[in-house]
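Reviewing the structure listed below.
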Amino acid sequence: QVQLVESGGELVQAGGSLRLSCAASGRTFSGYAMAWFRQAPGKEREFVAQINWSDLSTYYADSVKGRFTISRDNAKNTVYLQMNSLKPEDTAVYYCAARFGRWDSRLYVGVKEYPYWGQGTQVTVSS
């Protein structure tokens with residue numbers, strides 16, 4: 001079992017930046033692909049970014065490509081989401097998710113493909 005706790009969400013003006021963190025505990029962080037999803041009010045949860053374990057390959061949703069960067073510090077069991085040039089449409093609850101896949105570098109964008117989730121952190125971007 002992996003426990004995930006997100007932090008870093010807050011109110012920010014459009015054009016600003018935020019860095020979200022997701023700390024993992026429980027079973028070893030080793031071998032887990034990590035991802036960020038987000039859910040805006042009245043909308044379904046959507047994929048934002050993924051980073052794999054074996055080769056640190058990354059994937060991004062088109063809506064955030066070039067503005068957001070996902071990274072991980074395996075020594076600290078933590079994954080980050082650096083968000084720059086924020087827009088009001090980035091307003092959402094951001095969730096960290098994990099799935100085991102030590103040598104798997106494929107992209108997984110479905111909510112059901114991640115068995116482990118954090119509780120979410122609110123990001124609000126004002127115009």
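We name chains A, B, ... following the order of the structure tokens; residues begin at 1 in each chain, and ligands are numbered from 1 as shown.
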Listing only residues of region 19-73 of chain A within 12 Å of region 109-126 of chain A, what is the closest atom pair and its distance in Å (to one decimal) for each, using only C-alpha atoms, sorted by chain and residue number ascending, as a tab-separated table?
```
residue	atom	partner	partner_atom	distance
A:Arg19	CA	A:Val123	CA	10.3
A:Leu20	CA	A:Thr121	CA	8.3
A:Ser21	CA	A:Thr121	CA	9.5
A:Cys22	CA	A:Gly118	CA	8.0
A:Ala23	CA	A:Gly118	CA	9.2
A:Ala24	CA	A:Gly118	CA	9.1
A:Ser25	CA	A:Gly118	CA	11.1
A:Gly26	CA	A:Tyr116	CA	11.4
A:Arg27	CA	A:Tyr116	CA	11.4
A:Phe29	CA	A:Tyr116	CA	12.0
A:Tyr32	CA	A:Tyr114	CA	10.2
A:Ala33	CA	A:Tyr114	CA	9.1
A:Met34	CA	A:Tyr114	CA	8.8
A:Ala35	CA	A:Tyr114	CA	8.6
A:Trp36	CA	A:Trp117	CA	9.6
A:Phe37	CA	A:Val111	CA	8.3
A:Arg38	CA	A:Gly120	CA	8.5
A:Gln39	CA	A:Gly120	CA	9.3
A:Ala40	CA	A:Gln122	CA	9.6
A:Pro41	CA	A:Gln122	CA	11.1
A:Glu44	CA	A:Val111	CA	9.8
A:Arg45	CA	A:Val111	CA	7.4
A:Glu46	CA	A:Val111	CA	7.7
A:Phe47	CA	A:Val109	CA	5.4
A:Val48	CA	A:Val109	CA	8.3
A:Ala49	CA	A:Val109	CA	8.4
A:Gln50	CA	A:Val109	CA	8.3
A:Ile51	CA	A:Val109	CA	11.6
A:Tyr59	CA	A:Val109	CA	9.4
A:Tyr60	CA	A:Val109	CA	9.6
A:Ala61	CA	A:Val109	CA	9.0
```
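Of note, CA of Ser57 (chain A) and CA of Arg72 (chain A) are spaced 10.9 Å apart.
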Self-check item: Which of chain A DSSP labels strand (DSSP E), written as a PyMOL selection string
Solution: chain A and resi 2-7+11-13+18-26+32-39+46-51+58-60+68-73+78-83+92-100+116-117+121-126
Would you mind exporting C-alpha atoms of the selected residues as a PDB file, in the first residue's frame?
```pdb
ATOM      1  CA  VAL A   2       1.246   3.475  -0.895  1.00  0.00           C
ATOM      2  CA  GLN A   3      -0.010   6.587   0.876  1.00  0.00           C
ATOM      3  CA  LEU A   4       0.180   9.891  -0.991  1.00  0.00           C
ATOM      4  CA  VAL A   5      -0.100  13.394   0.467  1.00  0.00           C
ATOM      5  CA  GLU A   6      -0.201  16.466  -1.772  1.00  0.00           C
ATOM      6  CA  SER A   7       0.713  20.001  -0.746  1.00  0.00           C
ATOM      7  CA  LEU A  11      -4.541  31.072  -4.703  1.00  0.00           C
ATOM      8  CA  VAL A  12      -2.337  32.655  -7.361  1.00  0.00           C
ATOM      9  CA  GLN A  13      -2.790  35.312 -10.025  1.00  0.00           C
ATOM     10  CA  LEU A  18       3.253  27.229  -8.144  1.00  0.00           C
ATOM     11  CA  ARG A  19       5.041  24.030  -7.236  1.00  0.00           C
ATOM     12  CA  LEU A  20       2.985  21.135  -5.971  1.00  0.00           C
ATOM     13  CA  SER A  21       4.538  18.307  -3.984  1.00  0.00           C
ATOM     14  CA  CYS A  22       3.376  14.758  -3.387  1.00  0.00           C
ATOM     15  CA  ALA A  23       5.030  12.784  -0.599  1.00  0.00           C
ATOM     16  CA  ALA A  24       4.751   8.993  -0.691  1.00  0.00           C
ATOM     17  CA  SER A  25       4.930   6.688   2.295  1.00  0.00           C
ATOM     18  CA  GLY A  26       4.161   3.084   3.077  1.00  0.00           C
ATOM     19  CA  TYR A  32       6.131   3.276  -9.146  1.00  0.00           C
ATOM     20  CA  ALA A  33       5.093   5.509 -11.994  1.00  0.00           C
ATOM     21  CA  MET A  34       3.672   8.759 -10.653  1.00  0.00           C
ATOM     22  CA  ALA A  35       1.121  11.098 -12.158  1.00  0.00           C
ATOM     23  CA  TRP A  36      -0.823  14.274 -11.549  1.00  0.00           C
ATOM     24  CA  PHE A  37      -4.501  14.622 -12.379  1.00  0.00           C
ATOM     25  CA  ARG A  38      -6.861  17.533 -11.808  1.00  0.00           C
ATOM     26  CA  GLN A  39     -10.580  18.003 -11.389  1.00  0.00           C
ATOM     27  CA  GLU A  46      -8.343  14.606 -16.136  1.00  0.00           C
ATOM     28  CA  PHE A  47      -4.745  13.569 -16.706  1.00  0.00           C
ATOM     29  CA  VAL A  48      -2.097  16.276 -16.375  1.00  0.00           C
ATOM     30  CA  ALA A  49       1.344  14.623 -16.341  1.00  0.00           C
ATOM     31  CA  GLN A  50       3.157  11.335 -15.710  1.00  0.00           C
ATOM     32  CA  ILE A  51       6.722  10.398 -14.852  1.00  0.00           C
ATOM     33  CA  THR A  58       7.520  12.078 -18.919  1.00  0.00           C
ATOM     34  CA  TYR A  59       4.200  12.726 -20.593  1.00  0.00           C
ATOM     35  CA  TYR A  60       1.960  15.796 -20.513  1.00  0.00           C
ATOM     36  CA  PHE A  68       4.112  22.415 -16.420  1.00  0.00           C
ATOM     37  CA  THR A  69       7.022  20.167 -15.487  1.00  0.00           C
ATOM     38  CA  ILE A  70       6.786  16.911 -13.539  1.00  0.00           C
ATOM     39  CA  SER A  71       9.812  15.620 -11.673  1.00  0.00           C
ATOM     40  CA  ARG A  72      10.639  13.193  -8.878  1.00  0.00           C
ATOM     41  CA  ASP A  73      13.192  12.871  -6.100  1.00  0.00           C
ATOM     42  CA  THR A  78       8.465  12.866  -3.539  1.00  0.00           C
ATOM     43  CA  VAL A  79       7.088  13.907  -6.914  1.00  0.00           C
ATOM     44  CA  TYR A  80       6.671  17.528  -7.953  1.00  0.00           C
ATOM     45  CA  LEU A  81       4.614  19.511 -10.422  1.00  0.00           C
ATOM     46  CA  GLN A  82       6.094  22.873 -11.339  1.00  0.00           C
ATOM     47  CA  MET A  83       3.354  25.016 -12.857  1.00  0.00           C
ATOM     48  CA  ALA A  92      -8.881  22.679 -10.007  1.00  0.00           C
ATOM     49  CA  VAL A  93      -8.160  20.216  -7.253  1.00  0.00           C
ATOM     50  CA  TYR A  94      -4.880  18.547  -8.157  1.00  0.00           C
ATOM     51  CA  TYR A  95      -4.396  14.884  -7.268  1.00  0.00           C
ATOM     52  CA  CYS A  96      -1.270  12.769  -7.110  1.00  0.00           C
ATOM     53  CA  ALA A  97      -1.560   9.152  -8.258  1.00  0.00           C
ATOM     54  CA  ALA A  98       0.686   6.092  -8.396  1.00  0.00           C
ATOM     55  CA  ARG A  99       0.807   2.754 -10.217  1.00  0.00           C
ATOM     56  CA  PHE A 100       3.438   0.058 -10.029  1.00  0.00           C
ATOM     57  CA  TYR A 116      -3.264   4.828  -5.365  1.00  0.00           C
ATOM     58  CA  TRP A 117      -4.437   8.424  -4.864  1.00  0.00           C
ATOM     59  CA  THR A 121      -4.752  20.079  -3.101  1.00  0.00           C
ATOM     60  CA  GLN A 122      -6.704  23.116  -4.333  1.00  0.00           C
ATOM     61  CA  VAL A 123      -5.173  25.398  -6.941  1.00  0.00           C
ATOM     62  CA  THR A 124      -7.063  28.587  -7.733  1.00  0.00           C
ATOM     63  CA  VAL A 125      -5.882  30.958 -10.458  1.00  0.00           C
ATOM     64  CA  SER A 126      -7.486  34.392 -10.440  1.00  0.00           C
TER      65      SER A 126
END
```
Practice problem: Find the spatial neighbours of region 52-56 of chain A, counting only C-alpha atoms, within a cut-off of 8 Å - ignore same-chain residues fewer than 4 positions away - and output them as a PyMOL selection string. | Solution: chain A and resi 30-34+101-105
Quiz item: What gap, in Å, lies between CA of Thr91 (chain A) and CA of Leu107 (chain A)?
Solution: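 According to the coordinates, CA of Thr91 (chain A) and CA of Leu107 (chain A) are separated by 24.0 Å.
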Quiz prompt | Residue among A:Arg106, A:Gly15, A:Lys87, A:Thr28 lying closest to Asn74 (chain A), counting only C-alpha atoms | solution =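 Between A:Arg106, A:Gly15, A:Lys87, A:Thr28, the residue approaching Asn74 (chain A) most closely is A:Thr28.
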